[in-house]
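To keep things clear, I will list the structure first and then write my remarks on it.
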Amino acid sequence: MIGVNERTARDWDHGVRRSGNVRIYPDGRRVDYKRGVTTTVDPSGALSSAPAPTMAALDQAICSRYLSLQEREQIYALHQTGESMNAIARSLGRAVSTISRELRRNNSPLGYQPYSAHRQSVARRPRPKPSKLAADGDLRDYVVKKLELGWSPEQISHRIIADHPDQTEMRVCHETIYQAIYVQARGGLKREVEQSLRAGRARRKQHRNPASRTPRFRDPMINISERPASVEDRAVPGDWEGDLILGAGNKTAIATLVERTTRFVALVHLPVDHTAESVRDGLIKTMGDLPKLLRGSLTWDQGVEMAKHAAFSAATDMEVYFCDPHSPWQRGTNENTNGLLRQYFPKGTDLSVYGPEDLEHVCNLLNGRPRKTLGWKTPAERLDELLLMA
C-alpha cells in the first residue's frame, strides 16, 4: 500500500534498521552482508566482535515456518511409535518434506532426539555464513577449473555430483558459485574468474518483479490474459492481430493487420513516420472502412506506436489487447504473416517508396493465395463465406 519492498516491511516489523549495506538489529548486531562482517555495539557505543548468542535466546520461536522445540518433541514421540512421515506431517500440519528433512538432517548417533535436533538446527541458523568457496580446497579448485573451461555454474553444480558421487563434501549449488563471483568479500573466487561467465558481467543484473513494472502507456492497457475465449478459438471473425514491419534504419514502416479466423490481410500506409499519432490515424482509417461485424478486437505488442490505443478504441469501438513483453508467439498469426510479407518488402529497404496502390496489390496477392490451414481455400473466399453466413 505504501510502495516499499516486502522485505523492508518485515524489517520494520522486527525493529531492523538499514544504513547503506548494513542491517542494524534491536540487540545491537550490525550485519554488513556485502562484506560478510558481523559486529555488535556495546553500551558505550563502541564496536566489538559479535558474541555468540545464548542458547536460551536462540531457543525462542522466531517464526512459524521454523519447527519449534515442542513440535520436535511431538515428532520424536510419533516417530518412536512407528508412525509414518505422512502421518506425522498430518498431525503437525506440516509438509511431508519438512518431516523427512528434519529426521535426516538432525539425526544423532542415538537416533532422533528432540533437544539435540533443536540445537543442531539453531546452530545452523546464524547469518551470514562463510562461503564454501572462500577457502582453498578441492571444491574450489574444481569450480575454478570448470569456470575457466566456460562451464556455467549450473552445469558445474550438477556435474560435480557425477564426478564425485561418494564425496558429499564436493557439493555446491549454482547460487553459491554466483555469490562467490559477484560478492568478492563473501565468496572468495578470484576476480579474473568472472570473465569466464558467458554474460561477461562483473556484477549481477537486477531483475524487477513484472507485477511492479512501470506502466508502458499513460492509458491503462488490457492484457492478453483478459482476452475472451471466443477470440482464442477463432470461432467468430473480426478479431485482428497487428504489428509494424520496419524498413532501413527503422525509419520507415508499414502496419500489418491479419484477421485471426480467415487470415485476411490488411496493410496500413504510413508515408511519413510511425509515431503513435500516425499509427492511430492509419488504423482508424483502415478499420473504419470495414463492416461492424469485422471490428471485434485488436491484439498488439507493447510497442510505443500504440500509445494512443485508447483513442483508437474510442473511434472504432474495438478493444485492444496487449501481449506480454517479449512474447511474439502470442501473436503467432501476425508473425507468420509478416514473414510472408517480407517476400514483397525485403528487410533493409526503404518502405516509404511503396504507395497505397502497392500495398493494396500485395494484399490482393496474399488474400488470393490458398492456405493449408483453411482447407486450401483463400482468405478472401473464407471471409466471403463467413459474411454470407452472418
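Chain labels A, B, ... are given in the sequence in which chains occur in the C-alpha cells; within each chain residues are numbered consecutively from 1, and ligands are likewise numbered from 1 in the order shown.
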
Exercise. Region 173-365 of chain A: which residues are strand (DSSP E) by DSSP, as a PyMOL selection string?
Worked result: chain A and resi 222-223+239-246+253-259+265-270+297-300+319-322

For this session: Would you kindly return, as JSON, numbers by chain, each protein, DNA or RNA residue with an atom no farther than 12 Å from any atom of Asn250 (chain A), considering only C-alpha atoms and excluding same-chain residues fewer than 2 positions away?
Result: {"A": [244, 245, 246, 247, 248, 252, 253, 254, 273, 274, 275, 347, 348, 349, 350, 351, 352]}

Write out, as an mmCIF file, in the first residue's frame, the residues just selected, with N, CA and C atoms.
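Dumped to selection.cif:
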```cif
data_model
loop_
_atom_site.group_PDB
_atom_site.id
_atom_site.type_symbol
_atom_site.label_atom_id
_atom_site.label_comp_id
_atom_site.auth_asym_id
_atom_site.auth_seq_id
_atom_site.Cartn_x
_atom_site.Cartn_y
_atom_site.Cartn_z
ATOM 1 N N LEU A 244 4.134 -3.754 -36.669
ATOM 2 C CA LEU A 244 4.824 -2.985 -37.696
ATOM 3 C C LEU A 244 5.920 -3.827 -38.322
ATOM 4 N N ILE A 245 6.104 -3.696 -39.645
ATOM 5 C CA ILE A 245 7.343 -4.162 -40.264
ATOM 6 C C ILE A 245 8.141 -2.906 -40.600
ATOM 7 N N LEU A 246 9.422 -2.921 -40.253
ATOM 8 C CA LEU A 246 10.253 -1.725 -40.351
ATOM 9 C C LEU A 246 11.186 -1.813 -41.534
ATOM 10 N N GLY A 247 11.512 -0.634 -42.078
ATOM 11 C CA GLY A 247 12.419 -0.557 -43.211
ATOM 12 C C GLY A 247 13.828 -0.219 -42.794
ATOM 13 N N ALA A 248 14.613 0.301 -43.720
ATOM 14 C CA ALA A 248 16.021 0.594 -43.478
ATOM 15 C C ALA A 248 16.186 1.569 -42.323
ATOM 16 N N THR A 252 11.312 3.869 -41.637
ATOM 17 C CA THR A 252 10.036 3.749 -42.342
ATOM 18 C C THR A 252 9.342 2.465 -41.905
ATOM 19 N N ALA A 253 8.022 2.425 -42.066
ATOM 20 C CA ALA A 253 7.285 1.263 -41.571
ATOM 21 C C ALA A 253 5.972 1.110 -42.317
ATOM 22 N N ILE A 254 5.438 -0.108 -42.222
ATOM 23 C CA ILE A 254 4.089 -0.431 -42.685
ATOM 24 C C ILE A 254 3.402 -1.174 -41.557
ATOM 25 N N ASP A 273 5.896 8.798 -41.010
ATOM 26 C CA ASP A 273 6.609 8.226 -39.865
ATOM 27 C C ASP A 273 5.723 7.153 -39.243
ATOM 28 N N HIS A 274 6.204 6.564 -38.143
ATOM 29 C CA HIS A 274 5.389 5.566 -37.447
ATOM 30 C C HIS A 274 5.261 5.929 -35.968
ATOM 31 N N THR A 275 4.949 7.206 -35.732
ATOM 32 C CA THR A 275 4.676 7.661 -34.373
ATOM 33 C C THR A 275 3.311 7.145 -33.925
ATOM 34 N N LYS A 347 13.818 -6.974 -45.958
ATOM 35 C CA LYS A 347 14.433 -6.213 -44.876
ATOM 36 C C LYS A 347 15.508 -5.289 -45.431
ATOM 37 N N GLY A 348 15.610 -4.115 -44.805
ATOM 38 C CA GLY A 348 16.646 -3.165 -45.210
ATOM 39 C C GLY A 348 16.253 -2.271 -46.365
ATOM 40 N N THR A 349 15.010 -2.373 -46.852
ATOM 41 C CA THR A 349 14.574 -1.498 -47.946
ATOM 42 C C THR A 349 13.835 -0.288 -47.390
ATOM 43 N N ASP A 350 13.748 0.744 -48.198
ATOM 44 C CA ASP A 350 13.024 1.960 -47.811
ATOM 45 C C ASP A 350 11.547 1.746 -48.106
ATOM 46 N N LEU A 351 10.736 1.577 -47.065
ATOM 47 C CA LEU A 351 9.318 1.252 -47.247
ATOM 48 C C LEU A 351 8.489 2.465 -47.661
ATOM 49 N N SER A 352 9.069 3.668 -47.567
ATOM 50 C CA SER A 352 8.294 4.860 -47.941
ATOM 51 C C SER A 352 8.081 4.950 -49.451
#
```

For this session: Just the helix (DSSP H, G or I) stuff from region 151-370 of chain A, please, per backbone DSSP, written as a PyMOL selection string.
Result: chain A and resi 153-163+174-182+184-187+191-196+210-212+224-226+229-232+248-250+276-288+292-294+304-306+309-316+328-341+351-353+356-367

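As for CA of Arg295 (chain A) and CA of Thr316 (chain A), they are spaced 7.4 Å apart.
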
For this session: Give me the residues within 12 Å of Leu341 (chain A) as number ranges by chain, counting only C-alpha atoms and dropping any in the same chain fewer than 3 places off.
Result: A: 244-246, 254-258, 265-267, 334-338, 344-347, 359, 361-367

Residues just named, written with N, CA, C and O atoms as a JSON list (two decimals), in the first residue's frame:
```json
[["chain", "number", "residue", "atom", "x", "y", "z"],
["A", 244, "LEU", "N", 4.13, -3.75, -36.67],
["A", 244, "LEU", "CA", 4.82, -2.98, -37.70],
["A", 244, "LEU", "C", 5.92, -3.83, -38.32],
["A", 244, "LEU", "O", 6.59, -4.60, -37.63],
["A", 245, "ILE", "N", 6.10, -3.70, -39.64],
["A", 245, "ILE", "CA", 7.34, -4.16, -40.26],
["A", 245, "ILE", "C", 8.14, -2.91, -40.60],
["A", 245, "ILE", "O", 7.60, -1.93, -41.13],
["A", 246, "LEU", "N", 9.42, -2.92, -40.25],
["A", 246, "LEU", "CA", 10.25, -1.73, -40.35],
["A", 246, "LEU", "C", 11.19, -1.81, -41.53],
["A", 246, "LEU", "O", 11.64, -2.89, -41.93],
["A", 254, "ILE", "N", 5.44, -0.11, -42.22],
["A", 254, "ILE", "CA", 4.09, -0.43, -42.69],
["A", 254, "ILE", "C", 3.40, -1.17, -41.56],
["A", 254, "ILE", "O", 3.98, -2.10, -40.98],
["A", 255, "ALA", "N", 2.18, -0.79, -41.21],
["A", 255, "ALA", "CA", 1.42, -1.51, -40.19],
["A", 255, "ALA", "C", 0.72, -2.68, -40.86],
["A", 255, "ALA", "O", 0.08, -2.52, -41.91],
["A", 256, "THR", "N", 0.86, -3.85, -40.27],
["A", 256, "THR", "CA", 0.27, -5.06, -40.83],
["A", 256, "THR", "C", -0.85, -5.56, -39.93],
["A", 256, "THR", "O", -0.72, -5.57, -38.70],
["A", 257, "LEU", "N", -1.95, -5.98, -40.53],
["A", 257, "LEU", "CA", -3.11, -6.49, -39.81],
["A", 257, "LEU", "C", -3.53, -7.81, -40.44],
["A", 257, "LEU", "O", -3.55, -7.94, -41.68],
["A", 258, "VAL", "N", -3.87, -8.79, -39.61],
["A", 258, "VAL", "CA", -4.35, -10.07, -40.12],
["A", 258, "VAL", "C", -5.52, -10.53, -39.26],
["A", 258, "VAL", "O", -5.45, -10.47, -38.02],
["A", 265, "VAL", "N", -5.59, -10.34, -44.82],
["A", 265, "VAL", "CA", -4.53, -9.37, -44.52],
["A", 265, "VAL", "C", -4.95, -7.98, -44.96],
["A", 265, "VAL", "O", -5.56, -7.79, -46.02],
["A", 266, "ALA", "N", -4.62, -6.98, -44.12],
["A", 266, "ALA", "CA", -4.78, -5.56, -44.47],
["A", 266, "ALA", "C", -3.50, -4.84, -44.11],
["A", 266, "ALA", "O", -2.87, -5.15, -43.08],
["A", 267, "LEU", "N", -3.10, -3.90, -44.95],
["A", 267, "LEU", "CA", -1.87, -3.14, -44.71],
["A", 267, "LEU", "C", -2.20, -1.66, -44.56],
["A", 267, "LEU", "O", -3.05, -1.12, -45.28],
["A", 334, "ASN", "N", 0.05, -13.14, -36.80],
["A", 334, "ASN", "CA", 0.63, -11.93, -37.37],
["A", 334, "ASN", "C", 2.12, -12.12, -37.66],
["A", 334, "ASN", "O", 2.63, -11.64, -38.69],
["A", 335, "GLU", "N", 2.83, -12.81, -36.78],
["A", 335, "GLU", "CA", 4.25, -13.06, -37.01],
["A", 335, "GLU", "C", 4.46, -13.86, -38.28],
["A", 335, "GLU", "O", 5.38, -13.59, -39.07],
["A", 336, "ASN", "N", 3.63, -14.88, -38.50],
["A", 336, "ASN", "CA", 3.73, -15.68, -39.71],
["A", 336, "ASN", "C", 3.42, -14.84, -40.96],
["A", 336, "ASN", "O", 4.09, -14.95, -41.99],
["A", 337, "THR", "N", 2.42, -13.98, -40.85],
["A", 337, "THR", "CA", 2.06, -13.11, -41.97],
["A", 337, "THR", "C", 3.18, -12.14, -42.31],
["A", 337, "THR", "O", 3.48, -11.88, -43.48],
["A", 338, "ASN", "N", 3.83, -11.59, -41.28],
["A", 338, "ASN", "CA", 4.95, -10.68, -41.53],
["A", 338, "ASN", "C", 6.08, -11.38, -42.28],
["A", 338, "ASN", "O", 6.77, -10.78, -43.10],
["A", 344, "TYR", "N", 7.73, -9.49, -50.35],
["A", 344, "TYR", "CA", 7.43, -8.30, -51.15],
["A", 344, "TYR", "C", 8.11, -7.05, -50.59],
["A", 344, "TYR", "O", 8.35, -6.09, -51.35],
["A", 345, "PHE", "N", 8.40, -7.04, -49.29],
["A", 345, "PHE", "CA", 9.06, -5.90, -48.65],
["A", 345, "PHE", "C", 10.31, -6.41, -47.93],
["A", 345, "PHE", "O", 10.30, -6.59, -46.71],
["A", 346, "PRO", "N", 11.40, -6.66, -48.66],
["A", 346, "PRO", "CA", 12.61, -7.24, -48.03],
["A", 346, "PRO", "C", 13.16, -6.35, -46.93],
["A", 346, "PRO", "O", 12.99, -5.12, -46.94],
["A", 347, "LYS", "N", 13.82, -6.97, -45.96],
["A", 347, "LYS", "CA", 14.43, -6.21, -44.88],
["A", 347, "LYS", "C", 15.51, -5.29, -45.43],
["A", 347, "LYS", "O", 16.23, -5.63, -46.37],
["A", 359, "LEU", "N", 0.51, -1.37, -51.70],
["A", 359, "LEU", "CA", 0.07, -2.16, -50.54],
["A", 359, "LEU", "C", -1.20, -2.94, -50.87],
["A", 359, "LEU", "O", -1.35, -4.09, -50.46],
["A", 361, "HIS", "N", -2.07, -4.02, -53.79],
["A", 361, "HIS", "CA", -1.70, -5.11, -54.70],
["A", 361, "HIS", "C", -1.16, -6.31, -53.91],
["A", 361, "HIS", "O", -1.53, -7.47, -54.18],
["A", 362, "VAL", "N", -0.29, -6.04, -52.92],
["A", 362, "VAL", "CA", 0.27, -7.12, -52.10],
["A", 362, "VAL", "C", -0.84, -7.80, -51.30],
["A", 362, "VAL", "O", -0.86, -9.04, -51.17],
["A", 363, "CYS", "N", -1.77, -7.02, -50.76],
["A", 363, "CYS", "CA", -2.89, -7.61, -50.02],
["A", 363, "CYS", "C", -3.70, -8.55, -50.91],
["A", 363, "CYS", "O", -4.08, -9.65, -50.49],
["A", 364, "ASN", "N", -3.95, -8.13, -52.14],
["A", 364, "ASN", "CA", -4.72, -8.98, -53.05],
["A", 364, "ASN", "C", -3.99, -10.28, -53.35],
["A", 364, "ASN", "O", -4.61, -11.35, -53.47],
["A", 365, "LEU", "N", -2.66, -10.20, -53.48],
["A", 365, "LEU", "CA", -1.89, -11.42, -53.74],
["A", 365, "LEU", "C", -1.98, -12.39, -52.57],
["A", 365, "LEU", "O", -2.20, -13.60, -52.76],
["A", 366, "LEU", "N", -1.80, -11.87, -51.33],
["A", 366, "LEU", "CA", -1.83, -12.76, -50.16],
["A", 366, "LEU", "C", -3.24, -13.28, -49.90],
["A", 366, "LEU", "O", -3.42, -14.45, -49.56],
["A", 367, "ASN", "N", -4.25, -12.42, -50.06],
["A", 367, "ASN", "CA", -5.62, -12.84, -49.78],
["A", 367, "ASN", "C", -6.17, -13.77, -50.87],
["A", 367, "ASN", "O", -7.21, -14.41, -50.67]]
```

Exercise. In Å, with one decimal, what is the gap from CA of Ile88 (chain A) to CA of Val122 (chain A)?
Worked result: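 Between CA of Ile88 (chain A) and CA of Val122 (chain A) the gap works out to 21.8 Å.
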
Problem set entry | Who sits within 12 Å of Arg159 (chain A), only C-alpha atoms, same chain under 4 positions skipped, as a ChimeraX atom specification | /A:142-143,146,151-155,163-165,170-174

For this session: Tell me which protein, DNA and RNA residues are within 9 Å of Thr286 (chain A), counting only C-alpha atoms, leaving out same-chain ones fewer than 3 positions away, and put them as a list in words.
Result: Ala266, Leu267, Val268, Asp281, Gly282, Leu283, Asp289 and Leu290 of chain A

Problem set entry | Best match for closeness to Ala311 (chain A) among A:Ala87, A:Ile284, A:Leu388, A:Leu298, counting only C-alpha atoms |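 Looking only at the distances to Ala311 (chain A), the closest residue turns out to be A:Ile284.
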
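With only C-alpha atoms as the atoms that count, the minimum distance from Arg218 (chain A) to the choices A:Gly355, A:Met306, A:Glu102, A:Ile24 is reached by A:Met306.
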
Exercise. So which one's closest to Glu381 (chain A), A:Lys132, A:Phe264, A:Asp358, A:Leu270? Using only C-alpha atoms, please.
Worked result: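 Closest residue, counting only C-alpha atoms: A:Phe264.
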
Exercise. For Arg234 (chain A), which of A:Lys377, A:Arg72, A:Arg263, A:His118 is the closest residue, counting only C-alpha atoms?
Worked result: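 Of A:Lys377, A:Arg72, A:Arg263, A:His118, the one nearest Arg234 (chain A) is A:Arg263, counting only C-alpha atoms.
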
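Every protein, DNA or RNA residue with an atom at most 12 Å from Thr373 (chain A), where only C-alpha atoms count and chain neighbours fewer than 4 positions away do not, is listed here: A:Arg260, A:Thr261, A:Thr262, A:Arg263, A:Thr333, A:Arg369, A:Lys377, A:Thr378, A:Pro379, A:Arg382.
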
Take the selection from the previous step and output its residues with N, CA, C and O atoms, as a compact mmCIF listing (two decimals), in the first residue's frame.
```txt
# COMPACT_ATOMS: atom_id res chain seq x y z
N ARG A 260 -7.78 -13.18 -37.50
CA ARG A 260 -7.38 -14.47 -36.94
C ARG A 260 -8.14 -15.65 -37.55
O ARG A 260 -7.58 -16.72 -37.74
N THR A 261 -9.43 -15.49 -37.86
CA THR A 261 -10.23 -16.62 -38.34
C THR A 261 -9.97 -16.94 -39.81
O THR A 261 -9.81 -18.10 -40.19
N THR A 262 -9.90 -15.91 -40.63
CA THR A 262 -9.78 -16.11 -42.08
C THR A 262 -8.36 -15.90 -42.61
O THR A 262 -8.10 -16.21 -43.78
N ARG A 263 -7.46 -15.33 -41.81
CA ARG A 263 -6.09 -14.97 -42.22
C ARG A 263 -6.11 -13.87 -43.28
O ARG A 263 -5.17 -13.72 -44.06
N THR A 333 -0.18 -15.62 -35.55
CA THR A 333 -0.72 -15.44 -36.90
C THR A 333 -0.11 -14.23 -37.57
O THR A 333 0.26 -14.26 -38.75
N ARG A 369 -4.18 -16.22 -52.10
CA ARG A 369 -3.30 -17.38 -52.05
C ARG A 369 -3.95 -18.48 -51.19
O ARG A 369 -4.32 -18.23 -50.05
N LYS A 377 -8.55 -23.16 -49.13
CA LYS A 377 -9.30 -22.01 -49.59
C LYS A 377 -8.45 -20.76 -49.40
O LYS A 377 -7.49 -20.75 -48.62
N THR A 378 -8.82 -19.69 -50.08
CA THR A 378 -8.09 -18.44 -49.91
C THR A 378 -8.71 -17.64 -48.78
O THR A 378 -9.90 -17.83 -48.45
N PRO A 379 -7.95 -16.74 -48.16
CA PRO A 379 -8.55 -15.88 -47.12
C PRO A 379 -9.75 -15.09 -47.63
O PRO A 379 -10.73 -14.90 -46.89
N ARG A 382 -12.75 -17.46 -47.76
CA ARG A 382 -13.22 -17.79 -46.42
C ARG A 382 -13.95 -16.62 -45.77
O ARG A 382 -14.97 -16.80 -45.10
```

Exercise. Distance CA of Met85 (chain A)-CA of Ser97 (chain A), one decimal place?
Worked result: 8.7 Å

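The nearest approach to Ile99 (chain A) among the residues A:Ala235, A:Leu386, A:Leu67, A:Ala9, with only C-alpha atoms taken into account, belongs to A:Leu67.
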